[in-house]
Every structure is written in structure tokens, then in C-alpha cells.
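All remarks here apply to the structure that follows.
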Amino acid sequence: KRLAASIDESTPFALVGLSFGGMLSVEISKLLQPEKTILIASIPSAALLPPYFKMAAPLQLHKILPISLFKNASLAKRLFTTETSEDKELLRTIIRETDPHFIRWAIGAILSWENAPAPEGIYHIHGTGDHLLPMRYVQPTHRIPGGGHLMVMNRSGEVNSMLAEILEKRES
């Protein structure tokens, strides 16, 4: 509700959210009436979370484990990804500088999200190579072959083309 309050509704607008931001966009779209809601490397409903998220939720590990453990796991994962060295370094910086309280809150928000069913009329851009939110659990409206969870960084041309196509599309 706090994020929604900052949106100027006096002119038509669209919501675009990446990853966790996509989940937030879904919730905001239920409060406001955007012309379009576009998710990138995200999910429109909690029902589409991979099973390992659902299994982790009742354990509440994010409340008791040190956030440094989550940060270090994310940093270690960078060693085994196909991202460019520049992308990896940017991600390392983002991970190191992210507020630990925000990380704990965001993990809890994802694990306790109860949005179901998915709202109608959502556009969803997803990469077939996304390992965090694998393609087998989602039904996107637009696919980027081989795109990973961070495709906005290394496949931005394709993402931007799809965004332009969606935003230019007139609803009937």
C-alpha cells in the first residue's frame, strides 16, 4: 500500500516488476487499475512458486539463520553461472550492499505470499534458462530462449523489445 500511494493515477500507467518486484506489482495492481501489469522473471501467483520455496516456508529459516549465510550463498552461486564477469561483479556489489533487514523481510514476504489465483490480464516475460524460478513452474505470455533470472542485464535488447511490443499493444 505504501508503494501504491506514490503512484500518480491521474494519467494512464503501467506497472513493471522484476523478480520480487513483479510480485509487488501484482499486489499493487489489485489496489490500483493500471493499464497493464508486466512481470519480468517473476510469478503472478504464489501457487507458481517452485516446491523448494513451499517446503522452506514452514521452516522459517530466514528468521533464525544469519543473513550473511544467504548473502554468501548468493555470492558463491555467481561462481557457477554463465553471467559475464561484469554482470557478476555488479551482482556481487548489489548483494554486499543490500540491507540485511530488507533481505530478511523480502524472503519472509515471498515465503508467506498468498496471492491466488493469478490476476487476469498480466503480461509475463520469462527466460527459459531461469534457475531461480524455473520455466517448468510458470506459464509466461512471452519467453526469452535461454534467458536467465538476470536477463534484464545480459539480454536487455530482447527484454526491451518485448516491453515495447506489450506497451504498444492496444487492448480490445
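Scheme for the C-alpha cells: letters A, B, ... for chains in order shown; per-chain residue numbers from 1; ligand numbers from 1 in order shown.
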### Message
I'd like the contact shell of region 49-60 of chain A - 10 Å cut-off, only C-alpha atoms, skipping same-chain residues fewer than 4 positions apart - returned as a list in words.
### Response
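Everything that qualifies: Ser42, Ile43, Pro44, Ser45, Ile64, Leu65, Ile107, Gly108, Ile110, Leu111, Ser112, Trp113, Leu132, Leu133, Pro134, Met135, Arg136, Tyr137 and Val138 of chain A.
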### Task
Could you please determine the separation between CA of Gly147 (chain A) and CA of Met162 (chain A) in Å, to one decimal place?
13.0 Å
### Query
Mind pulling up the distance from CA of Arg143 (chain A) to CA of Gly129 (chain A)?
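CA of Arg143 (chain A) lies 9.9 Å from CA of Gly129 (chain A).
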### Query
So which residues of chain A fall under helix (DSSP H, G or I) by DSSP, listed as a PyMOL selection string?
chain A and resi 2-5+20-31+46-48+51-59+61-64+67-80+85-97+100-111+135-137+151-154+156-168
### Task
Determine the nearest neighbour of Glu114 (chain A) from the options A:Leu167, A:Ala46, A:Ile7, A:Val26, counting only C-alpha atoms.
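That would be A:Ala46, the residue with the smallest distance to Glu114 (chain A).
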#### Entry: Using only C-alpha atoms: which of A:Met151, A:Ile122, A:Leu90, A:Ile95 has the shortest distance to Gln33 (chain A)
A:Ile122
### Message
I want to know what sits within 10 Å of Thr141 (chain A), based on only C-alpha atoms, with residues of the same chain fewer than 6 positions away left out; could you give that as a list in words?
### Response
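In the requested format, the answer is Ile38, Leu39, Ile122, Tyr123, His124, Ile125 and His126 of chain A.
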## Note on the structure
Closest of A:Leu150, A:Ala118, A:Ile67, A:Leu18 to Lys30 (chain A), counting only C-alpha atoms, is A:Ala118
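All residues of protein, DNA or RNA that reach within 8 Å of region 10-13 of chain A, judged by only C-alpha atoms and not counting those fewer than 6 positions away in the chain, are Pro34, Glu35 and Lys36 of chain A.
The smallest atom-to-atom distance between Gly157 (chain A) and any of A:Ile103, A:Ala5, A:Leu31, A:Ile144, using only C-alpha atoms, is found for A:Ile144.
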### Query
For Ile166 (chain A), which residue out of A:Leu48, A:Arg2, A:Gly127, A:His142 is the nearest one, using only C-alpha atoms?
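Nearest to Ile166 (chain A): A:His142.
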